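Engineer: Provided below: run13.cif, containing mmCIF, C-alpha atoms.
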data_data
#
loop_
_atom_site.label_atom_id
_atom_site.label_comp_id
_atom_site.auth_asym_id
_atom_site.auth_seq_id
_atom_site.Cartn_x
_atom_site.Cartn_y
_atom_site.Cartn_z
CA MET A 326 108.81 154.15 51.01
CA ALA A 327 109.80 150.53 51.60
CA GLY A 328 106.88 149.27 49.45
CA THR A 329 107.79 151.57 46.60
CA ALA A 330 111.39 150.37 46.68
CA GLU A 331 110.27 146.72 46.63
CA ASN A 332 107.96 147.44 43.68
CA ARG A 333 110.81 149.04 41.77
CA ILE A 334 113.10 146.06 42.50
CA ALA A 335 110.40 143.58 41.42
CA GLY A 336 109.83 145.57 38.21
CA ALA A 337 113.54 145.61 37.53
CA ARG A 338 113.71 141.81 38.04
CA ARG A 339 110.84 141.26 35.56
CA ARG A 340 112.50 143.47 32.97
CA ALA A 341 115.78 141.65 33.55
CA THR A 342 114.07 138.25 33.13
CA VAL A 343 112.37 139.39 29.93
CA ALA A 344 115.64 140.85 28.66
CA LYS A 345 117.46 137.54 29.42
CA ALA A 346 114.76 135.55 27.63
CA VAL A 347 114.89 137.87 24.62
CA LEU A 348 118.69 137.76 24.51
CA GLY A 349 118.68 133.92 24.83
CA GLY A 350 116.08 133.60 22.07
CA VAL A 351 117.93 135.97 19.77
CA GLY A 352 121.20 134.13 20.51
CA ALA A 353 119.59 130.77 19.72
CA LEU A 354 118.08 132.12 16.51
CA ALA A 355 121.43 133.64 15.53
CA PHE A 356 123.14 130.29 16.18
CA VAL A 357 120.63 128.37 14.07
CA ALA A 358 120.84 130.96 11.30
CA ALA A 359 124.65 130.83 11.34
CA ALA A 360 124.63 127.04 11.26
CA GLY A 361 122.16 127.08 8.35
CA LEU A 362 124.27 129.59 6.47
CA ALA A 363 127.40 127.56 7.13
CA ARG A 364 125.69 124.47 5.78
CA VAL A 365 124.67 126.26 2.59
CA ALA A 366 127.72 128.45 2.08
CA TYR A 367 130.70 126.33 3.28
CA PRO A 368 132.62 125.32 0.12
CA GLY A 369 133.39 121.76 1.24
CA HIS A 370 129.86 120.91 2.19
CA HIS A 371 127.63 118.98 -0.22
CA LYS A 372 124.50 120.89 -1.15
CA LYS A 373 122.64 118.02 -2.74
CA ALA A 374 122.17 114.37 -1.91
CA ILE A 375 125.45 112.46 -2.27
CA ARG A 376 125.67 110.39 -5.46
CA PRO A 377 127.95 107.35 -5.46
CA LEU A 378 131.24 107.68 -7.30
CA SER A 379 130.65 104.44 -9.24
CA PRO A 380 130.10 104.95 -12.97
CA PRO A 381 126.55 104.82 -14.31
CA GLY A 382 125.15 101.36 -15.01
CA ARG A 383 124.86 102.05 -18.73
CA PHE A 384 128.56 102.92 -18.91
CA VAL A 385 129.51 99.74 -17.03
CA ARG A 386 127.33 97.69 -19.38
CA ILE A 387 128.98 99.19 -22.46
CA VAL A 388 132.47 98.55 -21.10
CA ARG A 389 131.62 94.96 -20.25
CA GLU A 390 130.15 94.36 -23.69
CA ASN A 391 133.29 95.80 -25.24
CA GLN A 392 135.31 93.12 -23.49
CA LEU A 393 134.02 90.89 -26.26
CA GLU A 394 136.71 92.29 -28.50
CA SER A 395 138.23 90.83 -31.60
CA GLY A 396 141.67 89.33 -31.94
CA ILE A 397 143.71 89.83 -35.09
CA LEU A 398 143.42 87.60 -38.15
CA ALA A 399 145.36 87.64 -41.39
CA PRO A 400 145.50 85.48 -44.49
CA ALA A 401 147.31 82.18 -43.92
CA GLN A 402 150.99 82.28 -44.80
CA ALA A 403 152.11 78.73 -44.13
CA ASP A 404 150.79 75.24 -43.64
CA PRO A 405 148.63 75.15 -40.52
CA SER A 406 150.31 73.85 -37.41
CA VAL A 407 147.08 73.35 -35.47
CA ALA A 408 143.37 73.05 -36.19
CA SER A 409 140.38 74.81 -34.70
CA ALA A 410 137.47 72.45 -34.11
CA PRO A 411 134.50 71.99 -31.82
CA SER A 412 135.67 70.54 -28.54
CA MET B 1353 154.88 70.49 -29.95
CA SER B 1354 153.49 68.64 -26.93
CA ARG B 1355 150.13 66.96 -26.48
CA PHE B 1356 148.24 65.61 -23.50
CA THR B 1357 144.64 64.91 -22.59
CA SER B 1358 142.71 66.95 -20.04
CA MET B 1359 139.11 68.11 -19.55
CA GLY B 1360 137.99 65.42 -22.00
CA CYS B 1361 139.95 66.83 -24.91
CA GLU B 1362 143.40 66.96 -26.41
CA VAL B 1363 145.56 69.87 -25.32
CA VAL B 1364 148.29 70.95 -27.76
CA VAL B 1365 151.09 73.21 -26.56
CA GLU B 1366 153.67 74.84 -28.77
CA GLY B 1367 156.64 76.91 -27.67
CA ALA B 1368 156.78 75.80 -24.04
CA SER B 1369 159.98 74.91 -22.21
CA PRO B 1370 159.83 71.67 -20.18
CA HIS B 1371 159.21 73.69 -17.02
CA GLU B 1372 156.46 75.74 -18.69
CA LEU B 1373 154.88 72.59 -20.07
CA GLU B 1374 154.72 71.15 -16.55
CA ARG B 1375 152.98 74.30 -15.33
CA VAL B 1376 150.53 74.19 -18.24
CA ARG B 1377 149.72 70.56 -17.55
CA ALA B 1378 149.33 71.24 -13.81
CA LEU B 1379 146.96 74.14 -14.44
CA PHE B 1380 144.73 72.06 -16.71
CA GLU B 1381 144.75 69.21 -14.21
CA GLU B 1382 143.87 71.55 -11.35
CA ARG B 1383 140.98 73.11 -13.27
CA ASP B 1384 139.69 69.68 -14.31
CA ALA B 1385 139.75 68.50 -10.69
CA VAL B 1386 137.69 71.52 -9.61
CA PHE B 1387 135.24 71.84 -12.51
CA SER B 1388 134.68 68.35 -13.95
CA ARG B 1389 131.05 67.20 -14.06
CA PHE B 1390 132.28 63.61 -14.12
CA ARG B 1391 134.60 63.56 -11.11
CA PRO B 1392 132.51 62.74 -8.04
CA GLY B 1393 134.70 64.79 -5.70
CA SER B 1394 134.99 67.89 -7.85
CA GLU B 1395 134.03 71.20 -6.29
CA LEU B 1396 131.50 71.74 -9.08
CA ASN B 1397 129.70 68.52 -8.18
CA ARG B 1398 129.78 69.36 -4.48
CA VAL B 1399 128.29 72.78 -5.21
CA ASN B 1400 125.61 71.32 -7.51
CA GLU B 1401 124.68 68.63 -5.00
CA ALA B 1402 124.58 70.97 -2.01
CA GLY B 1403 122.52 73.69 -3.74
CA GLY B 1404 121.48 76.76 -1.75
CA ALA B 1405 124.08 79.25 -0.58
CA GLY B 1406 127.71 78.51 0.17
CA LEU B 1407 131.32 79.62 0.03
CA VAL B 1408 133.41 78.56 -2.97
CA SER B 1409 137.14 78.56 -3.70
CA PRO B 1410 138.74 81.65 -5.28
CA ILE B 1411 139.20 79.92 -8.66
CA PHE B 1412 135.59 78.73 -8.63
CA ALA B 1413 134.43 82.26 -7.89
CA ARG B 1414 136.60 83.63 -10.72
CA MET B 1415 135.27 81.18 -13.27
CA LEU B 1416 131.68 81.71 -12.18
CA GLU B 1417 132.21 85.45 -12.51
CA ALA B 1418 133.49 84.87 -16.07
CA ALA B 1419 130.47 82.66 -16.82
CA LEU B 1420 128.05 85.29 -15.49
CA TRP B 1421 129.84 87.94 -17.56
CA ALA B 1422 129.34 85.67 -20.59
CA ARG B 1423 125.65 85.40 -19.80
CA GLU B 1424 125.28 89.17 -19.41
CA THR B 1425 127.31 89.94 -22.54
CA THR B 1426 125.31 87.55 -24.70
CA GLY B 1427 121.93 88.57 -23.38
CA GLY B 1428 121.53 85.24 -21.56
CA LEU B 1429 122.44 82.97 -24.48
CA VAL B 1430 125.60 81.53 -22.95
CA ASP B 1431 124.19 80.44 -19.63
CA PRO B 1432 126.13 78.54 -16.92
CA THR B 1433 122.95 77.20 -15.27
CA LEU B 1434 122.09 74.63 -17.94
CA GLY B 1435 123.82 71.62 -16.36
CA ALA B 1436 120.50 69.95 -15.53
CA HIS B 1437 119.28 70.47 -19.11
CA LEU B 1438 122.45 68.87 -20.43
CA GLU B 1439 121.87 65.87 -18.19
CA ALA B 1440 118.21 65.72 -19.23
CA ALA B 1441 119.36 65.60 -22.86
CA GLY B 1442 121.44 62.53 -21.93
CA TYR B 1443 124.92 63.99 -21.42
CA ASP B 1444 125.22 62.67 -17.87
CA ARG B 1445 128.54 60.87 -18.08
CA ASP B 1446 131.95 61.22 -19.70
CA PHE B 1447 131.42 61.59 -23.43
CA ASP B 1448 133.72 58.65 -24.18
CA VAL B 1449 131.31 56.27 -22.42
CA LEU B 1450 128.08 57.89 -23.57
CA ALA B 1451 125.96 55.31 -25.42
CA PRO B 1452 122.80 55.76 -27.51
CA SER B 1453 119.61 55.22 -25.57
CA ASP B 1454 116.01 54.40 -26.58
CA GLU B 1455 114.79 56.60 -23.77
CA PRO B 1456 113.73 60.05 -25.06
CA ALA B 1457 115.44 63.15 -23.77
CA GLY B 1458 113.90 64.70 -20.68
CA ALA B 1459 113.42 68.27 -19.54
CA ALA B 1460 114.68 70.37 -16.66
CA ALA B 1461 113.45 73.41 -14.77
CA ARG B 1462 115.07 76.77 -15.37
CA GLY B 1463 118.05 77.33 -13.11
CA GLY B 1464 119.18 80.38 -11.22
CA VAL B 1465 122.42 81.53 -9.62
CA ALA B 1466 123.62 84.65 -7.83
CA GLN B 1467 127.17 85.48 -6.84
CA PHE B 1468 128.45 87.78 -4.11
CA GLY B 1469 132.24 87.50 -4.20
CA ARG B 1470 133.06 83.99 -3.00
CA VAL B 1471 129.50 83.33 -1.87
CA LEU B 1472 127.10 81.86 -4.38
CA ALA B 1473 123.45 80.98 -4.13
CA LEU B 1474 121.88 78.34 -6.35
CA ARG B 1475 118.17 77.99 -6.95
CA ARG B 1476 116.85 74.53 -6.02
CA GLY B 1477 117.47 72.04 -8.84
CA THR B 1478 120.01 74.23 -10.61
CA LYS B 1479 123.17 72.55 -11.87
CA LEU B 1480 126.07 74.64 -13.04
CA ASP B 1481 128.07 73.66 -16.11
CA LEU B 1482 131.16 75.83 -16.46
CA ASN B 1483 133.07 73.56 -18.84
CA GLY B 1484 133.24 75.89 -21.86
CA VAL B 1485 134.30 78.93 -19.89
CA VAL B 1486 136.82 76.97 -17.82
CA LYS B 1487 138.44 75.35 -20.85
CA ALA B 1488 138.76 78.63 -22.74
CA ALA B 1489 140.05 80.48 -19.69
CA ALA B 1490 142.57 77.69 -19.08
CA GLY B 1491 143.83 78.25 -22.63
CA ASP B 1492 144.24 81.98 -21.96
CA ASP B 1493 145.85 81.44 -18.55
CA THR B 1494 148.33 78.85 -19.80
CA ALA B 1495 149.26 80.85 -22.91
CA ARG B 1496 150.34 83.61 -20.51
CA LEU B 1497 152.73 81.14 -18.88
CA LEU B 1498 154.74 80.90 -22.09
CA ALA B 1499 157.78 83.16 -22.05
CA GLY B 1500 158.12 83.28 -25.83
CA PRO B 1501 156.01 82.76 -28.93
CA GLY B 1502 153.72 79.74 -28.89
CA PHE B 1503 150.14 78.68 -28.42
CA VAL B 1504 147.86 76.48 -26.35
CA SER B 1505 144.97 74.66 -27.97
CA ALA B 1506 142.39 72.96 -25.76
CA GLY B 1507 140.29 70.73 -27.99
CA GLY B 1508 140.59 73.21 -30.84
CA ASP B 1509 140.03 76.38 -28.79
CA LEU B 1510 143.22 78.33 -29.31
CA ALA B 1511 145.05 81.00 -27.32
CA THR B 1512 148.21 82.31 -28.92
CA ARG B 1513 151.30 84.31 -28.17
CA GLY B 1514 152.52 85.13 -31.62
CA PRO B 1515 151.24 84.32 -35.11
CA VAL B 1516 150.08 80.79 -35.86
CA ASP B 1517 148.43 79.32 -38.96
CA VAL B 1518 145.28 77.40 -38.12
CA ALA B 1519 143.28 74.88 -40.15
CA LEU B 1520 139.56 75.64 -40.15
CA PRO B 1521 136.43 73.48 -40.12
CA GLY B 1522 135.14 72.93 -43.64
CA GLY B 1523 138.59 73.43 -45.16
CA GLY B 1524 140.94 76.35 -45.52
CA SER B 1525 143.17 78.03 -43.01
CA VAL B 1526 143.87 81.41 -41.47
CA ARG B 1527 146.66 83.11 -39.59
CA LEU B 1528 145.80 84.00 -36.00
CA VAL B 1529 148.11 86.94 -35.29
CA SER B 1530 146.99 87.57 -31.72
CA GLY B 1531 144.16 86.68 -29.36
CA GLY B 1532 142.12 83.52 -29.51
CA LEU B 1533 140.20 81.41 -31.98
CA ALA B 1534 137.38 79.10 -30.93
CA THR B 1535 134.94 76.84 -32.71
CA SER B 1536 131.58 75.77 -31.34
CA GLY B 1537 129.39 73.24 -33.04
CA ARG B 1538 127.32 70.12 -32.95
CA THR B 1539 129.56 67.85 -35.02
CA LYS B 1540 131.60 66.31 -32.22
CA ARG B 1541 129.66 66.01 -28.96
CA ARG B 1542 126.40 64.52 -30.24
CA TRP B 1543 124.47 61.39 -29.30
CA LEU B 1544 121.12 59.69 -29.78
CA ARG B 1545 118.23 59.73 -27.33
CA GLY B 1546 115.06 57.98 -28.54
CA ASP B 1547 116.15 58.22 -32.20
CA GLU B 1548 116.57 61.96 -31.81
CA GLU B 1549 120.01 63.48 -32.17
CA GLN B 1550 121.16 65.50 -29.19
CA HIS B 1551 124.17 67.76 -28.78
CA HIS B 1552 125.77 69.76 -26.01
CA LEU B 1553 124.87 73.31 -27.09
CA ILE B 1554 121.68 73.94 -25.14
CA ASP B 1555 119.51 76.87 -26.18
CA PRO B 1556 118.40 78.57 -22.95
CA ARG B 1557 115.25 79.81 -24.71
CA THR B 1558 113.99 76.26 -25.16
CA GLY B 1559 116.05 74.27 -22.65
CA ARG B 1560 116.81 71.81 -25.47
CA PRO B 1561 119.80 71.28 -27.80
CA SER B 1562 119.82 74.17 -30.23
CA ALA B 1563 118.13 73.79 -33.61
CA SER B 1564 120.67 76.18 -35.13
CA PRO B 1565 121.19 75.83 -38.89
CA TRP B 1566 124.96 75.91 -38.38
CA ASP B 1567 127.15 72.87 -37.91
CA GLU B 1568 130.18 74.83 -36.69
CA VAL B 1569 130.93 78.46 -35.91
CA THR B 1570 134.50 79.77 -35.58
CA VAL B 1571 135.16 83.17 -34.02
CA CYS B 1572 138.30 85.21 -33.41
CA GLY B 1573 138.40 87.11 -30.11
CA ALA B 1574 140.88 89.15 -28.12
CA THR B 1575 141.07 86.13 -25.81
CA CYS B 1576 140.18 82.49 -26.17
CA LEU B 1577 137.38 83.09 -23.65
CA ALA B 1578 135.89 85.93 -25.71
CA ALA B 1579 136.15 83.81 -28.87
CA ASP B 1580 134.49 80.82 -27.21
CA VAL B 1581 131.63 82.85 -25.73
CA ALA B 1582 131.01 84.66 -29.02
CA ALA B 1583 131.16 81.43 -31.04
CA LYS B 1584 128.54 79.80 -28.79
CA ALA B 1585 126.27 82.84 -28.92
CA ALA B 1586 126.59 83.10 -32.71
CA PHE B 1587 125.79 79.40 -33.06
CA LEU B 1588 122.71 79.70 -30.84
CA LEU B 1589 121.50 82.81 -32.67
CA GLY B 1590 121.22 80.82 -35.91
CA ASP B 1591 120.69 83.05 -38.96
CA ASP B 1592 121.23 86.16 -36.84
CA GLY B 1593 124.69 84.97 -35.76
CA PRO B 1594 126.77 86.61 -38.53
CA ASP B 1595 125.17 90.05 -38.00
CA TRP B 1596 125.43 89.75 -34.22
CA LEU B 1597 129.17 89.20 -34.57
CA ASP B 1598 129.51 92.02 -37.12
CA GLY B 1599 127.76 94.35 -34.71
CA ARG B 1600 130.60 93.71 -32.27
CA GLY B 1601 133.40 93.74 -34.84
CA LEU B 1602 134.08 90.03 -34.32
CA PRO B 1603 135.19 87.89 -37.28
CA GLY B 1604 133.04 84.76 -37.60
CA ARG B 1605 133.04 81.83 -39.98
CA PHE B 1606 129.99 79.59 -40.24
CA VAL B 1607 129.82 76.08 -41.70
CA ALA B 1608 126.52 74.39 -42.62
CA GLY B 1609 126.26 71.25 -44.71
CA GLY B 1610 129.80 71.70 -45.98
CA ARG B 1611 129.15 75.27 -47.15
CA VAL B 1612 131.14 78.07 -45.60
CA HIS B 1613 129.76 81.52 -44.81
CA GLU B 1614 132.02 84.30 -43.55
CA ASN B 1615 130.70 87.44 -41.93
CA GLU B 1616 131.85 90.90 -43.01
CA ALA B 1617 134.45 91.21 -40.23
CA TRP B 1618 136.01 87.88 -41.19
CA ARG B 1619 136.13 88.77 -44.87
CA ARG B 1620 137.80 92.09 -44.08
CA SER B 1621 140.33 90.39 -41.80
CA VAL B 1622 141.53 87.85 -44.33
CA ALA B 1623 141.29 90.00 -47.48
CA PRO B 1624 144.71 90.36 -49.11
CA ARG B 1625 146.24 93.75 -48.22
CA GLU B 1626 147.30 96.03 -51.02
CA PRO B 1627 150.79 97.44 -50.56
CA ALA B 1628 150.76 100.89 -48.97
CA CYS B 1629 151.60 103.86 -51.21
CA THR B 1630 155.02 105.36 -50.60
#
What would you get if you wrote out this structure as structure tokens?

Structural biologist:
Amino acid sequence: MAGTAENRIAGARRRATVAKAVLGGVGALAFVAAAGLARVAYPGHHKKAIRPLSPPGRFVRIVRENQLESGILAPAQADPSVASAPS
Amino acid sequence: MSRFTSMGCEVVVEGASPHELERVRALFEERDAVFSRFRPGSELNRVNEAGGAGLVSPIFARMLEAALWARETTGGLVDPTLGAHLEAAGYDRDFDVLAPSDEPAGAAARGGVAQFGRVLALRRGTKLDLNGVVKAAAGDDTARLLAGPGFVSAGGDLATRGPVDVALPGGGSVRLVSGGLATSGRTKRRWLRGDEEQHHLIDPRTGRPSASPWDEVTVCGATCLAADVAAKAAFLLGDDGPDWLDGRGLPGRFVAGGRVHENEAWRRSVAPREPACT
């Protein structure tokens, strides 16, 4: 009788160990799945590689070239008060 | 109208109060002390002699940044690293004491410079020459010191606050309403080396004084700096200069052998306006 009881207790312990392992594994998988879903679905999270906020190089180049802007000329209206010449 | 000499040229100031005139004069003097190639203690000479990498003053960094912008904007034509080429051509002392020499002009290796804020790095043998940019920027900076209408002309490079009528190379005149007007050319700073005429506008493509067909190029820009940079580039581009300026909407006037050529933007600017319909 005593041996049968010990066998039943040992079997119960094995089943409990397996159940704990299964529950732990499922819990870990659920955690990883939830974290993955959060990463994909959370609105504030970037989903692609971050691109710098600086404007594209071509745009910067165009703006810098445009700094070479014209002043305003008009036909002369009086005797010149100064001369432009090579310095 | 007040006149004084700085940076090897005559500075003309119109419309400045005595206090403003003092500030204008001080600014030119300060820039000359920092950027002169002919003052042994100038920061420019210290930088050129030291070579390699080093920390520069805020104003030096600002002017170098402007010079590198000029180089980028002109596709490398207006290059601040041609100081050694200028010296090789014979311009190695103050222009007033430059004498003809039988010795032919030499050559110099291509220079290189990189800037990271106030840190700059010079390639070995590179000598910076920031004179054109510094003079034009000094015109812009001092014109901003004027409270009312007036202008500042540094050796003929003009920055204005208010309309001013300006005499032009080759005859004629124009009204500069706003911005700057600058003339670049080979008619003033030229000298002989081994019977060959040299001038100060070095073509970075050859490392030698430019063989441009133009004697003088005058350009109107939003600032004196823009006008000066564009005038130099248009001069160096030779026959392509007028179209290059038109492509950027910049009025340019070219003089060669006494003949004047105006680009499309210049002609449009000075064409008489018809009265608007009412």

Engineer: Once you count all atoms listed in the file, which residues of chain B turn out to be within 6 Å of chain A? Could you give them as a list in words?

Structural biologist: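 Every residue of chain B that passes the 6 Å test is in Thr1425, Gly1507, Gly1508, Asp1517, Val1518, Ala1519, Leu1520, Ser1525, Val1526, Arg1527, Leu1528, Val1529, Ser1530, Gly1531, Thr1535, Ser1536, Gly1537, Cys1572, Gly1573, Ala1574, Ala1578, Leu1602, Ser1621 and Val1622 of chain B.
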
Engineer: For B:Glu1417, list every protein, DNA or RNA residue within 10 Å, evaluated using all atoms listed in the file, and leave out those in the same chain fewer than 2 positions away; present the list as a ChimeraX atom specification.

Structural biologist: /B:1411-1415,1419-1423,1466-1470

Engineer: Quick one: distance from atom CA of B:Ser1369 to atom CA of B:Val1504 in Å, one decimal?

Structural biologist: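 Those two atoms sit 12.9 Å apart.
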
Engineer: Specify as number ranges by chain each residue included when the PyMOL selection byres ((chain B and resi 1540-1552) around 12) is applied to this file.

Structural biologist: A: 410-412; B: 1360-1361, 1434-1458, 1481, 1483-1484, 1507-1508, 1521, 1535-1539, 1553-1556, 1559-1564, 1567-1568, 1584, 1587-1588

Engineer: Atoms to include: C-alpha atoms. Write the selected residues as a short mmCIF file (atom, residue, chain, number, x, y, z; two decimals), in the coordinates of the input.

Structural biologist:
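Final output, result-v9.cif:
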data_model
loop_
_atom_site.label_atom_id
_atom_site.label_comp_id
_atom_site.auth_asym_id
_atom_site.auth_seq_id
_atom_site.Cartn_x
_atom_site.Cartn_y
_atom_site.Cartn_z
CA ALA A 410 137.47 72.45 -34.11
CA PRO A 411 134.50 71.99 -31.82
CA SER A 412 135.67 70.54 -28.54
CA GLY B 1360 137.99 65.42 -22.00
CA CYS B 1361 139.95 66.83 -24.91
CA LEU B 1434 122.09 74.63 -17.94
CA GLY B 1435 123.82 71.62 -16.36
CA ALA B 1436 120.50 69.95 -15.53
CA HIS B 1437 119.28 70.47 -19.11
CA LEU B 1438 122.45 68.87 -20.43
CA GLU B 1439 121.87 65.87 -18.19
CA ALA B 1440 118.21 65.72 -19.23
CA ALA B 1441 119.36 65.60 -22.86
CA GLY B 1442 121.44 62.53 -21.93
CA TYR B 1443 124.92 63.99 -21.42
CA ASP B 1444 125.22 62.67 -17.87
CA ARG B 1445 128.54 60.87 -18.08
CA ASP B 1446 131.95 61.22 -19.70
CA PHE B 1447 131.42 61.59 -23.43
CA ASP B 1448 133.72 58.65 -24.18
CA VAL B 1449 131.31 56.27 -22.42
CA LEU B 1450 128.08 57.89 -23.57
CA ALA B 1451 125.96 55.31 -25.42
CA PRO B 1452 122.80 55.76 -27.51
CA SER B 1453 119.61 55.22 -25.57
CA ASP B 1454 116.01 54.40 -26.58
CA GLU B 1455 114.79 56.60 -23.77
CA PRO B 1456 113.73 60.05 -25.06
CA ALA B 1457 115.44 63.15 -23.77
CA GLY B 1458 113.90 64.70 -20.68
CA ASP B 1481 128.07 73.66 -16.11
CA ASN B 1483 133.07 73.56 -18.84
CA GLY B 1484 133.24 75.89 -21.86
CA GLY B 1507 140.29 70.73 -27.99
CA GLY B 1508 140.59 73.21 -30.84
CA PRO B 1521 136.43 73.48 -40.12
CA THR B 1535 134.94 76.84 -32.71
CA SER B 1536 131.58 75.77 -31.34
CA GLY B 1537 129.39 73.24 -33.04
CA ARG B 1538 127.32 70.12 -32.95
CA THR B 1539 129.56 67.85 -35.02
CA LEU B 1553 124.87 73.31 -27.09
CA ILE B 1554 121.68 73.94 -25.14
CA ASP B 1555 119.51 76.87 -26.18
CA PRO B 1556 118.40 78.57 -22.95
CA GLY B 1559 116.05 74.27 -22.65
CA ARG B 1560 116.81 71.81 -25.47
CA PRO B 1561 119.80 71.28 -27.80
CA SER B 1562 119.82 74.17 -30.23
CA ALA B 1563 118.13 73.79 -33.61
CA SER B 1564 120.67 76.18 -35.13
CA ASP B 1567 127.15 72.87 -37.91
CA GLU B 1568 130.18 74.83 -36.69
CA LYS B 1584 128.54 79.80 -28.79
CA PHE B 1587 125.79 79.40 -33.06
CA LEU B 1588 122.71 79.70 -30.84
#

Engineer: Expand the PyMOL selection byres ((chain B and resi 1611) around 12) into the explicit residue set it covers here, and present it as a list in words.

Structural biologist: Pro1521, Gly1522, Gly1523, Gly1524, Pro1565, Trp1566, Asp1567, Glu1568, Val1569, Arg1605, Phe1606, Val1607, Ala1608, Gly1609, Gly1610, Val1612, His1613 and Glu1614 of chain B

Engineer: To one decimal place, how far is atom CA of B:Gly1601 from atom CA of B:Arg1619 in Å?

Structural biologist: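 Going from atom CA of B:Gly1601 over to atom CA of B:Arg1619, I get 11.5 Å.
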
Engineer: Any idea what the distance is between atom CA of B:Lys1479 and atom CA of B:Leu1577?

Structural biologist: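 The value is 21.3 Å.
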
Engineer: Under the PyMOL selection byres ((chain B and resi 1478) around 8), which residues of this model are included? Write them out as a ChimeraX atom specification.

Structural biologist: /B:1400,1403,1433-1436,1461-1465,1474-1477,1479-1480

Engineer: Output C-alpha atoms for every residue in that selection, as a short mmCIF file (atom, residue, chain, number, x, y, z; two decimals), keeping the file's coordinate frame.

Structural biologist:
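Just written: selection-v4.cif:
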data_model
loop_
_atom_site.label_atom_id
_atom_site.label_comp_id
_atom_site.auth_asym_id
_atom_site.auth_seq_id
_atom_site.Cartn_x
_atom_site.Cartn_y
_atom_site.Cartn_z
CA ASN B 1400 125.61 71.32 -7.51
CA GLY B 1403 122.52 73.69 -3.74
CA THR B 1433 122.95 77.20 -15.27
CA LEU B 1434 122.09 74.63 -17.94
CA GLY B 1435 123.82 71.62 -16.36
CA ALA B 1436 120.50 69.95 -15.53
CA ALA B 1461 113.45 73.41 -14.77
CA ARG B 1462 115.07 76.77 -15.37
CA GLY B 1463 118.05 77.33 -13.11
CA GLY B 1464 119.18 80.38 -11.22
CA VAL B 1465 122.42 81.53 -9.62
CA LEU B 1474 121.88 78.34 -6.35
CA ARG B 1475 118.17 77.99 -6.95
CA ARG B 1476 116.85 74.53 -6.02
CA GLY B 1477 117.47 72.04 -8.84
CA LYS B 1479 123.17 72.55 -11.87
CA LEU B 1480 126.07 74.64 -13.04
#

Engineer: Restricting the calculation to all atoms listed in the file: of B:Val1516, B:Ala1617, B:Val1430, B:Ala1490, which residue gets closest to B:Ala1586?

Structural biologist: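 Under the stated criterion, the closest residue is B:Val1430.
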
Engineer: For stretch 1379-1382 of chain B, work out the shell of residues within 12 Å, counting all atoms listed in the file and skipping chain neighbours fewer than 2 positions away, then give it as a PyMOL selection string.

Structural biologist: chain B and resi 1356-1365+1372-1377+1384-1388+1394-1395+1411-1412+1483+1486-1497+1504-1506
